[in-house]
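Next comes target_29.txt, a file with compact mmCIF, C-alpha atoms and all ligand atoms.
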# COMPACT_ATOMS: atom_id res chain seq x y z
CA MET N 194 119.10 148.24 124.91
CA GLU N 195 122.00 148.86 127.23
CA LYS N 196 124.23 145.81 127.68
CA LYS N 197 125.25 144.57 131.14
CA ASN N 198 128.64 145.65 132.37
CA ILE N 199 130.39 142.31 131.83
CA ASP N 200 134.00 141.73 130.76
CA TRP N 201 132.81 139.78 127.70
CA GLY N 202 136.28 139.10 126.34
CA ASN N 203 137.40 137.28 129.49
CA LEU N 204 134.38 135.07 130.09
CA GLY N 205 135.00 131.38 130.55
CA PHE N 206 132.39 128.65 130.23
CA GLY N 207 130.59 129.21 133.54
CA TYR N 208 127.17 130.01 134.96
CA ILE N 209 126.18 133.63 135.40
CA PRO N 210 122.49 133.91 136.27
CA THR N 211 120.56 136.19 133.94
CA GLU N 212 117.30 137.99 134.60
CA GLN N 213 114.64 135.69 133.18
CA ARG N 214 114.22 131.99 132.58
CA TYR N 215 111.34 129.97 131.14
CA VAL N 216 109.43 127.29 133.00
CA SER N 217 106.55 125.05 132.03
CA GLU N 218 105.15 122.34 134.30
CA TYR N 219 103.61 119.03 133.32
CA LYS N 220 100.82 117.67 135.51
CA ASP N 221 97.71 115.52 134.95
CA GLY N 222 98.92 114.59 131.48
CA ALA N 223 99.48 118.10 130.06
CA TRP N 224 102.02 120.92 129.92
CA ASP N 225 100.80 124.22 131.35
CA GLU N 226 101.03 127.41 129.28
CA GLY N 227 104.54 128.23 130.59
CA LYS N 228 105.97 131.55 131.71
CA LEU N 229 109.11 133.59 132.22
CA THR N 230 110.27 133.95 135.81
CA THR N 231 113.01 135.79 137.68
CA ASP N 232 113.28 132.93 140.21
CA ALA N 233 116.47 130.99 139.48
CA THR N 234 115.76 128.28 142.05
CA VAL N 235 113.90 124.98 141.69
CA VAL N 236 112.05 123.52 144.67
CA ILE N 237 111.12 119.83 144.35
CA SER N 238 110.46 116.80 146.55
CA GLU N 239 113.44 115.00 148.06
CA CYS N 240 112.08 111.94 146.27
CA ALA N 241 111.72 113.56 142.82
CA GLY N 242 112.37 111.25 139.84
CA VAL N 243 115.32 113.35 138.77
CA LEU N 244 117.01 113.04 142.17
CA GLN N 245 116.43 109.31 142.64
CA TYR N 246 116.73 107.86 139.14
CA ALA N 247 118.31 110.68 137.09
CA GLN N 248 115.24 111.16 134.90
CA THR N 249 116.51 114.23 133.09
CA CYS N 250 117.73 115.37 129.70
CA PHE N 251 119.02 118.67 128.39
CA GLU N 252 120.05 120.68 125.34
CA GLY N 253 122.58 123.40 124.53
CA LEU N 254 122.39 126.15 121.92
CA LYS N 255 123.64 129.69 121.52
CA ALA N 256 122.38 133.17 120.69
CA TYR N 257 124.73 135.51 118.81
CA THR N 258 124.87 139.19 117.97
CA THR N 259 125.47 139.45 114.25
CA GLU N 260 127.73 141.93 112.49
CA ASP N 261 124.72 144.10 111.62
CA GLY N 262 123.36 144.11 115.18
CA HIS N 263 120.64 141.45 115.06
CA ILE N 264 120.28 138.78 117.71
CA VAL N 265 120.00 135.29 116.24
CA VAL N 266 119.88 131.66 117.34
CA PHE N 267 121.46 128.80 115.40
CA ARG N 268 119.18 125.92 114.29
CA PRO N 269 116.93 125.73 117.41
CA ASP N 270 114.58 123.40 115.50
CA LEU N 271 117.24 120.68 115.61
CA ASN N 272 117.66 121.07 119.38
CA ALA N 273 113.87 120.79 119.75
CA ASP N 274 113.86 117.57 117.69
CA ARG N 275 116.77 116.09 119.62
CA MET N 276 115.14 116.90 122.94
CA ILE N 277 112.03 115.05 121.81
CA ASP N 278 114.23 112.02 121.03
CA SER N 279 115.92 112.29 124.45
CA ALA N 280 112.58 112.65 126.24
CA ARG N 281 111.13 109.58 124.49
CA ARG N 282 114.12 107.46 125.47
CA LEU N 283 113.76 108.54 129.13
CA GLU N 284 109.95 108.24 129.33
CA ILE N 285 109.64 112.01 129.79
CA PRO N 286 106.63 113.61 128.05
CA GLU N 287 107.70 115.43 124.89
CA PHE N 288 107.80 119.21 124.91
CA PRO N 289 106.29 120.31 121.57
CA LYS N 290 108.74 121.62 118.96
CA ASP N 291 106.92 124.91 118.31
CA ARG N 292 106.74 125.61 122.03
CA PHE N 293 110.44 124.83 122.46
CA ILE N 294 111.34 127.37 119.75
CA ASP N 295 108.93 129.92 121.20
CA ALA N 296 110.46 129.49 124.68
CA VAL N 297 113.98 129.95 123.23
CA GLU N 298 112.85 133.20 121.61
CA LYS N 299 111.27 134.43 124.83
CA VAL N 300 114.34 133.71 126.96
CA VAL N 301 116.73 135.37 124.52
CA ALA N 302 114.52 138.45 124.08
CA ALA N 303 114.04 138.79 127.85
CA ASN N 304 117.80 138.63 128.45
CA GLU N 305 118.88 140.85 125.56
CA ALA N 306 121.18 142.83 127.87
CA TYR N 307 123.20 139.64 128.39
CA VAL N 308 123.70 138.76 124.72
CA PRO N 309 127.40 139.49 124.20
CA PRO N 310 128.22 142.15 121.60
CA PHE N 311 129.47 141.19 118.12
CA GLY N 312 133.20 140.61 118.04
CA SER N 313 133.53 140.03 121.80
CA GLY N 314 134.22 136.31 121.36
CA ALA N 315 131.39 135.51 123.79
CA THR N 316 127.86 134.22 123.18
CA LEU N 317 124.67 133.66 125.16
CA TYR N 318 124.43 129.95 125.94
CA LEU N 319 120.93 128.55 126.34
CA ARG N 320 120.32 125.48 128.44
CA PRO N 321 116.91 123.83 127.96
CA PHE N 322 116.34 120.94 130.38
CA MET N 323 113.56 118.65 131.57
CA PHE N 324 113.23 116.53 134.68
CA GLY N 325 110.84 114.36 136.68
CA SER N 326 109.71 116.46 139.64
CA ASN N 327 107.25 114.40 141.70
CA PRO N 328 108.13 111.61 144.17
CA VAL N 329 108.96 108.16 142.76
CA ILE N 330 110.43 105.43 144.90
CA GLY N 331 109.75 102.34 142.82
CA VAL N 332 111.74 102.42 139.57
CA LYS N 333 109.25 104.03 137.22
CA PRO N 334 108.78 107.32 135.38
CA ALA N 335 107.56 110.39 137.26
CA THR N 336 104.12 111.75 136.47
CA GLU N 337 105.05 115.43 136.89
CA TYR N 338 107.83 117.26 135.07
CA GLN N 339 109.37 120.66 134.47
CA PHE N 340 110.71 122.01 131.18
CA ARG N 341 113.03 124.96 131.71
CA ILE N 342 115.42 127.15 129.76
CA PHE N 343 117.97 129.45 131.33
CA ALA N 344 120.55 131.62 129.62
CA THR N 345 124.11 132.40 130.63
CA PRO N 346 126.80 134.39 128.79
CA VAL N 347 129.84 132.25 127.99
CA GLY N 348 133.30 132.38 126.50
CA PRO N 349 135.34 129.43 125.18
CA TYR N 350 134.63 125.95 126.59
CA PHE N 351 138.30 125.05 126.79
CA LYS N 352 140.68 127.36 128.62
CA GLY N 353 143.10 129.00 126.21
CA GLY N 354 140.48 129.43 123.48
CA VAL N 355 141.79 127.86 120.29
CA LYS N 356 145.03 126.40 121.66
CA PRO N 357 145.28 122.77 120.49
CA LEU N 358 144.24 120.21 123.09
CA THR N 359 145.89 117.04 124.30
CA ILE N 360 143.50 114.14 124.74
CA ARG N 361 143.87 110.52 125.80
CA VAL N 362 142.27 107.34 124.56
CA SER N 363 140.02 106.27 127.41
CA ASP N 364 139.85 102.82 128.99
CA LEU N 365 136.45 103.57 130.49
CA ASP N 366 133.32 103.67 128.35
CA ARG N 367 130.74 106.36 127.88
CA ALA N 368 127.88 104.61 126.13
CA ALA N 369 126.84 101.02 125.64
CA PRO N 370 125.65 99.74 122.26
CA LYS N 371 121.88 100.35 122.27
CA GLY N 372 122.30 102.43 125.44
CA THR N 373 121.68 106.18 125.77
CA GLY N 374 124.77 107.62 124.05
CA ASN N 375 122.66 108.92 121.15
CA VAL N 376 120.50 111.12 123.39
CA LYS N 377 121.36 113.98 125.72
CA ALA N 378 120.57 112.27 129.02
CA GLY N 379 122.05 113.76 132.19
CA LEU N 380 123.15 110.26 133.19
CA ASN N 381 125.65 110.16 130.28
CA TYR N 382 127.46 113.09 131.84
CA ALA N 383 127.24 111.90 135.47
CA MET N 384 129.08 108.71 134.57
CA SER N 385 131.79 110.64 132.69
CA LEU N 386 132.74 112.83 135.66
CA TYR N 387 135.14 110.37 137.28
CA ASN N 388 136.96 109.95 133.97
CA ILE N 389 137.23 113.65 133.14
CA VAL N 390 138.58 114.44 136.61
CA ASP N 391 141.11 111.64 136.19
CA ALA N 392 142.05 112.89 132.69
CA HIS N 393 142.61 116.40 134.04
CA ASN N 394 144.67 115.04 136.95
CA GLN N 395 146.86 113.22 134.43
CA GLY N 396 147.33 116.40 132.38
CA TYR N 397 144.84 115.70 129.54
CA ASP N 398 142.13 118.07 128.37
CA GLU N 399 139.58 115.42 127.37
CA ASN N 400 138.93 111.70 126.90
CA MET N 401 138.55 110.02 123.53
CA TYR N 402 135.92 107.33 124.03
CA LEU N 403 136.01 104.20 121.89
CA ASP N 404 133.07 101.93 121.06
CA ALA N 405 132.26 99.97 124.21
CA ALA N 406 131.84 96.60 122.44
CA THR N 407 135.27 96.30 120.78
CA HIS N 408 137.37 99.29 121.86
CA THR N 409 138.62 99.67 118.29
CA LYS N 410 136.45 102.47 116.85
CA VAL N 411 136.60 106.17 117.67
CA GLU N 412 133.36 107.50 119.19
CA GLU N 413 133.41 110.97 120.77
CA THR N 414 134.56 112.90 123.84
CA GLY N 415 132.46 113.61 126.92
CA GLY N 416 130.95 116.73 125.33
CA ALA N 417 131.76 116.91 121.62
CA ASN N 418 131.94 114.88 118.39
CA PHE N 419 135.18 114.35 116.43
CA LEU N 420 136.01 115.71 113.00
CA PHE N 421 139.22 114.61 111.31
CA VAL N 422 140.99 115.85 108.22
CA THR N 423 142.88 113.06 106.45
CA LYS N 424 146.29 113.61 104.88
CA GLU N 425 144.45 113.66 101.51
CA GLY N 426 142.36 116.62 102.73
CA LYS N 427 139.12 114.69 103.20
CA ILE N 428 136.85 115.35 106.20
CA VAL N 429 135.88 112.23 108.12
CA THR N 430 133.70 111.88 111.19
CA PRO N 431 132.79 108.76 113.18
CA LYS N 432 129.56 106.96 112.31
CA SER N 433 128.08 105.29 115.37
CA ASP N 434 124.66 104.70 116.90
CA SER N 435 126.02 105.40 120.37
CA ILE N 436 127.26 108.98 119.92
CA LEU N 437 125.25 112.17 120.21
CA PRO N 438 124.17 113.43 116.76
CA SER N 439 125.91 116.80 117.08
CA ILE N 440 124.19 119.70 115.35
CA THR N 441 127.55 121.43 114.96
CA ARG N 442 129.06 118.34 113.33
CA ARG N 443 126.10 117.93 110.96
CA SER N 444 126.36 121.62 110.06
CA LEU N 445 130.13 121.38 109.52
CA MET N 446 129.77 118.37 107.21
CA TYR N 447 127.36 120.44 105.10
CA VAL N 448 129.68 123.46 105.17
CA ALA N 449 132.64 121.26 104.15
CA LYS N 450 130.80 119.92 101.12
CA GLU N 451 128.63 122.84 100.03
CA TYR N 452 130.72 125.88 100.99
CA LEU N 453 134.28 124.59 100.81
CA GLY N 454 133.96 121.92 98.12
CA LEU N 455 135.62 119.31 100.31
CA GLU N 456 134.92 115.62 100.38
CA ALA N 457 133.24 114.77 103.68
CA GLU N 458 132.30 111.31 104.90
CA GLU N 459 130.66 109.83 107.99
CA ARG N 460 132.12 106.35 108.53
CA GLU N 461 133.57 104.06 111.15
CA ILE N 462 137.05 105.22 112.13
CA ASP N 463 139.47 102.66 113.54
CA VAL N 464 141.73 103.90 116.30
CA LYS N 465 144.63 102.48 114.21
CA GLU N 466 143.87 105.13 111.57
CA LEU N 467 144.67 108.02 113.92
CA PRO N 468 148.32 108.35 112.86
CA GLU N 469 147.05 108.87 109.27
CA MET N 470 145.11 112.02 110.21
CA ALA N 471 146.39 115.52 109.43
CA GLU N 472 144.02 117.46 111.70
CA CYS N 473 141.54 116.70 114.45
CA GLY N 474 138.86 118.86 116.03
CA LEU N 475 136.20 118.53 118.72
CA CYS N 476 132.92 119.98 117.57
CA GLY N 477 129.89 121.01 119.53
CA THR N 478 127.88 124.03 120.57
CA ALA N 479 130.14 124.71 123.55
CA ALA N 480 133.36 123.53 121.86
CA VAL N 481 132.57 125.15 118.43
CA ILE N 482 135.62 123.46 116.82
CA SER N 483 138.41 123.05 119.30
CA PRO N 484 141.58 121.74 117.67
CA VAL N 485 143.34 118.66 119.00
CA GLY N 486 147.15 118.65 118.74
CA LYS N 487 148.01 115.38 120.42
CA ILE N 488 146.25 112.08 121.13
CA VAL N 489 147.87 109.77 123.67
CA ASP N 490 146.97 106.10 123.22
CA HIS N 491 148.30 104.21 126.24
CA GLY N 492 151.70 105.85 126.24
CA LYS N 493 151.94 106.14 122.43
CA GLU N 494 151.85 109.78 121.40
CA ILE N 495 150.10 110.62 118.16
CA CYS N 496 151.11 114.17 117.26
CA LEU N 497 148.83 115.70 114.65
CA PRO N 498 150.88 117.40 111.90
CA SER N 499 148.87 120.59 112.56
CA GLY N 500 150.93 120.94 115.75
CA MET N 501 150.40 122.37 119.20
CA THR N 502 150.29 126.09 118.51
CA GLU N 503 147.52 126.71 116.00
CA MET N 504 144.40 125.28 114.48
CA GLY N 505 145.12 123.27 111.32
CA PRO N 506 144.38 125.06 108.02
CA VAL N 507 141.30 123.04 107.06
CA THR N 508 139.88 123.18 110.60
CA LYS N 509 140.41 126.94 110.50
CA LYS N 510 138.47 127.24 107.23
CA LEU N 511 135.62 125.20 108.69
CA TYR N 512 135.69 127.29 111.87
CA ASP N 513 135.71 130.60 110.00
CA THR N 514 132.88 129.53 107.70
CA LEU N 515 130.64 128.18 110.46
CA THR N 516 131.17 131.14 112.78
CA GLY N 517 130.78 133.46 109.76
CA ILE N 518 127.35 131.92 109.13
CA GLN N 519 126.41 132.16 112.81
CA MET N 520 127.52 135.81 113.09
CA GLY N 521 125.89 136.84 109.82
CA ARG N 522 129.12 137.49 107.86
CA ILE N 523 128.42 134.65 105.43
CA PRO N 524 124.97 133.86 103.98
CA ALA N 525 123.37 130.93 105.81
CA PRO N 526 121.60 127.96 104.29
CA GLU N 527 117.81 128.28 104.38
CA GLY N 528 116.41 127.84 107.89
CA TRP N 529 119.69 127.78 109.82
CA ILE N 530 119.35 131.18 111.45
CA LYS N 531 116.39 132.22 113.60
CA VAL N 532 116.31 135.99 113.98
CA ILE N 533 115.07 137.04 117.42
CA LYS N 534 115.33 140.78 116.87
N1 LIG U 601 128.58 115.07 121.96
C1 LIG U 601 128.24 115.26 123.25
C2 LIG U 601 128.43 114.14 124.19
C3 LIG U 601 127.73 116.50 123.68
O1 LIG U 601 127.40 116.69 124.94
C4 LIG U 601 127.60 117.53 122.73
C5 LIG U 601 127.05 118.83 123.13
O2 LIG U 601 125.91 119.13 122.95
C6 LIG U 601 127.96 117.30 121.41
C7 LIG U 601 128.45 116.06 121.06
C8 LIG U 601 127.83 118.35 120.38
O3 LIG U 601 126.50 118.51 119.98
P1 LIG U 601 125.99 119.89 119.39
O4 LIG U 601 126.87 120.22 118.25
O5 LIG U 601 124.60 119.61 118.96
O6 LIG U 601 126.09 120.88 120.49
C1 LIG U 602 127.03 121.73 124.45
O1 LIG U 602 127.97 121.82 123.66
O2 LIG U 602 126.03 122.46 124.37
C2 LIG U 602 127.01 120.73 125.50
O3 LIG U 602 125.96 120.47 126.03
C3 LIG U 602 128.26 120.07 125.91
C4 LIG U 602 128.56 120.24 127.35
C5 LIG U 602 129.80 119.46 127.61
C6 LIG U 602 128.73 121.66 127.76

Please rewrite the model in this file as structure tokens.
Ligand code: PLP
Ligand code: COI
Amino acid sequence: MEKKNIDWGNLGFGYIPTEQRYVSEYKDGAWDEGKLTTDATVVISECAGVLQYAQTCFEGLKAYTTEDGHIVVFRPDLNADRMIDSARRLEIPEFPKDRFIDAVEKVVAANEAYVPPFGSGATLYLRPFMFGSNPVIGVKPATEYQFRIFATPVGPYFKGGVKPLTIRVSDLDRAAPKGTGNVKAGLNYAMSLYNIVDAHNQGYDENMYLDAATHTKVEETGGANFLFVTKEGKIVTPKSDSILPSITRRSLMYVAKEYLGLEAEEREIDVKELPEMAECGLCGTAAVISPVGKIVDHGKEICLPSGMTEMGPVTKKLYDTLTGIQMGRIPAPEGWIKVIK
């Protein structure tokens, strides 16, 4: 298969339409059989549930070319499960897990020419999403939906690749206790846009959200979970019911314990503990692990000892091990890698 003529090494995190995408429609209480299509547009009513009341959720996962030339996807079963949780919370009919995984396989196989080569630093990002498509004007769930997956080749989420980021402690909140922070609802991202634009305007790369009830506990950023390394070399990550259960973070906690023999704990993290941390990273499918060099808490600068030029040593080990597993250089735990071809 001849690859597309794309400058893989210089890709950012943007949308490049690929040849085929998957679509299945829900009507009269059932999903249709679904199909691949070359049509990258969606035509829906002006009064569609998604447009009026933001009835939509999404997922993100990646396909990789391994060292030995296979194309693989990382833990798509967990994305399927999480999308079911998101759909339930938003009164969207569930898309069955086996069909989700099958659709992922179909989209990757159909866009093989867009899967970046091994060693290019790029990957094929897959974006499953679901939305209410028929008219609703009273506040209620739609009765018709679409489930779609498109693919787009991407490079690093943050400009500058692995250059440590500067983030600020946010005054605005992302997710209420018992709200929708633990699912991947489009609305969680819509309400973060004002704050990310403001952060960028003030010279920060991202916002650190705190728990909305007390503003004392670290939660997550707009698009990634936190991992910290304490000065004793222990991995800690925030425990909260209002953050997205990141698949990358769950995988890294396993890698820390089982591959690197590190102590790793999920617990509440007080913002006052930040000066005690040796390293900090943002973890997610798009972010992989992006190192944080500085956290600014209302004018007080917390400079991580790992500095502003490189990833900290423990973060680097975690990064190398996880990406090694994803790219087939390091044996994966059972079930983590789905081989497409
Ligand atoms: N937190 C938020 C708010 C996200 O949008 C994402 C991205 O999916 C993550 C965390 C990381 O989750 P995952 O590792 O499953 O991609
Ligand atoms: C992902 O990491 O897949 C996400 O959905 C996060 C988003 C900010 C790009």

Put a box with edges along x, y and z around all the listed atoms of ligand LIG 602 (chain U), pad it by 8 Å on each side, then give me its centre and sizes in Å, one decimal, as AutoDock Vina command-line options.
--center_x 127.9 --center_y 121.0 --center_z 125.7 --size_x 19.8 --size_y 19.0 --size_z 20.1

Item checked: Near-stretch 434-444 of chain N list (9 Å; all atoms listed in the file; drop same-chain fewer than 3 positions) as a VMD selection string -> chain N and resid 268 271 to 272 275 367 to 377 404 412 to 413 416 to 420 430 to 431 447 to 449 475 to 478 481 to 482 515

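Every protein or nucleic acid residue with an atom no more than 12 Å from N:Ala223, counting all atoms listed in the file and leaving out same-chain residues fewer than 5 positions away, appears here: Ser217, Glu218, Ile285, Pro286, Glu287, Phe288, Pro289, Thr336, Glu337, Tyr338, Gln339 and Phe340 of chain N.
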
Next item on the list: Quick one: pull the distance between atom CA of N:Lys424 and atom CA of N:Glu466, Å, one decimal.
Entry: 11.1 Å

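The two atoms in question, atom CA of N:Ile495 and atom CA of N:Tyr402, are spaced 15.7 Å apart.
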
Next item on the list: Show which residues sit within 9 Å of stretch 230-242 of chain N, as a ChimeraX atom specification. Count only C-alpha atoms, and ignore same-chain residues fewer than 6 positions away.
Entry: /N:210-216,248-249,324-330,332-338,343

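With all atoms listed in the file taken into account, every residue lying no more than 12 Å from the file point (132.2, 139.7, 131.7) is included here: Lys196, Lys197, Asn198, Ile199, Asp200, Trp201, Gly202, Asn203, Leu204, Gly205, Phe206, Gly207, Tyr208, Ile209, Tyr307, Val308, Pro309, Pro310, Ser313, Gly314, Ala315, Thr316, Leu317, Thr345, Pro346, Val347 and Gly348 of chain N.
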
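Shortest atom-to-atom contact with N:Ser499 among N:Ser363, N:Thr423, N:Ser433, N:Gln519: N:Thr423, counting all atoms listed in the file.
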
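The gap separating atom CA of N:Glu461 from atom CA of N:Pro498 is 21.9 Å, in Å to one decimal.
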
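Residues in contact range of N:Gly454, defined as at most 12 Å between all atoms listed in the file, with sequence neighbours fewer than 3 positions away removed, read N:Gly426, N:Lys427, N:Ile428, N:Met446, N:Tyr447, N:Val448, N:Ala449, N:Lys450, N:Glu451, N:Ala457, N:Val507, N:Lys510, N:Leu511.
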
Atoms added to stretch 350-363 of chain N (N, CA, C and O atoms), reported as a PDB file, in the frame of the given file:
ATOM      1  N   TYR N 350     134.803 127.111 125.714  1.00  0.00           N
ATOM      2  CA  TYR N 350     134.630 125.950 126.590  1.00  0.00           C
ATOM      3  C   TYR N 350     135.959 125.484 127.166  1.00  0.00           C
ATOM      4  O   TYR N 350     136.054 125.140 128.339  1.00  0.00           O
ATOM      5  N   PHE N 351     136.984 125.480 126.319  1.00  0.00           N
ATOM      6  CA  PHE N 351     138.300 125.050 126.790  1.00  0.00           C
ATOM      7  C   PHE N 351     139.140 126.285 127.093  1.00  0.00           C
ATOM      8  O   PHE N 351     139.183 127.219 126.278  1.00  0.00           O
ATOM      9  N   LYS N 352     139.803 126.237 128.243  1.00  0.00           N
ATOM     10  CA  LYS N 352     140.680 127.360 128.620  1.00  0.00           C
ATOM     11  C   LYS N 352     141.720 127.539 127.523  1.00  0.00           C
ATOM     12  O   LYS N 352     142.220 126.574 126.960  1.00  0.00           O
ATOM     13  N   GLY N 353     142.073 128.780 127.232  1.00  0.00           N
ATOM     14  CA  GLY N 353     143.100 129.000 126.210  1.00  0.00           C
ATOM     15  C   GLY N 353     142.495 129.155 124.824  1.00  0.00           C
ATOM     16  O   GLY N 353     143.220 129.271 123.844  1.00  0.00           O
ATOM     17  N   GLY N 354     141.160 129.136 124.743  1.00  0.00           N
ATOM     18  CA  GLY N 354     140.480 129.430 123.480  1.00  0.00           C
ATOM     19  C   GLY N 354     140.784 128.410 122.411  1.00  0.00           C
ATOM     20  O   GLY N 354     140.314 127.287 122.498  1.00  0.00           O
ATOM     21  N   VAL N 355     141.575 128.771 121.419  1.00  0.00           N
ATOM     22  CA  VAL N 355     141.790 127.860 120.290  1.00  0.00           C
ATOM     23  C   VAL N 355     143.154 127.163 120.348  1.00  0.00           C
ATOM     24  O   VAL N 355     143.635 126.652 119.354  1.00  0.00           O
ATOM     25  N   LYS N 356     143.751 127.115 121.518  1.00  0.00           N
ATOM     26  CA  LYS N 356     145.030 126.400 121.660  1.00  0.00           C
ATOM     27  C   LYS N 356     144.768 124.894 121.520  1.00  0.00           C
ATOM     28  O   LYS N 356     143.859 124.358 122.157  1.00  0.00           O
ATOM     29  N   PRO N 357     145.550 124.208 120.668  1.00  0.00           N
ATOM     30  CA  PRO N 357     145.280 122.770 120.490  1.00  0.00           C
ATOM     31  C   PRO N 357     145.329 121.971 121.792  1.00  0.00           C
ATOM     32  O   PRO N 357     146.140 122.237 122.686  1.00  0.00           O
ATOM     33  N   LEU N 358     144.423 121.008 121.874  1.00  0.00           N
ATOM     34  CA  LEU N 358     144.240 120.210 123.090  1.00  0.00           C
ATOM     35  C   LEU N 358     145.030 118.913 123.021  1.00  0.00           C
ATOM     36  O   LEU N 358     145.353 118.430 121.937  1.00  0.00           O
ATOM     37  N   THR N 359     145.301 118.367 124.203  1.00  0.00           N
ATOM     38  CA  THR N 359     145.890 117.040 124.300  1.00  0.00           C
ATOM     39  C   THR N 359     144.836 116.127 124.903  1.00  0.00           C
ATOM     40  O   THR N 359     144.288 116.435 125.972  1.00  0.00           O
ATOM     41  N   ILE N 360     144.531 115.039 124.224  1.00  0.00           N
ATOM     42  CA  ILE N 360     143.500 114.140 124.740  1.00  0.00           C
ATOM     43  C   ILE N 360     144.079 112.728 124.886  1.00  0.00           C
ATOM     44  O   ILE N 360     145.123 112.418 124.311  1.00  0.00           O
ATOM     45  N   ARG N 361     143.392 111.896 125.654  1.00  0.00           N
ATOM     46  CA  ARG N 361     143.870 110.520 125.800  1.00  0.00           C
ATOM     47  C   ARG N 361     142.780 109.548 125.358  1.00  0.00           C
ATOM     48  O   ARG N 361     141.585 109.833 125.488  1.00  0.00           O
ATOM     49  N   VAL N 362     143.216 108.399 124.875  1.00  0.00           N
ATOM     50  CA  VAL N 362     142.270 107.340 124.560  1.00  0.00           C
ATOM     51  C   VAL N 362     141.849 106.725 125.896  1.00  0.00           C
ATOM     52  O   VAL N 362     142.686 106.349 126.715  1.00  0.00           O
ATOM     53  N   SER N 363     140.544 106.678 126.111  1.00  0.00           N
ATOM     54  CA  SER N 363     140.020 106.270 127.410  1.00  0.00           C
ATOM     55  C   SER N 363     139.860 104.752 127.527  1.00  0.00           C
ATOM     56  O   SER N 363     139.464 104.087 126.562  1.00  0.00           O
TER      57      SER N 363
END
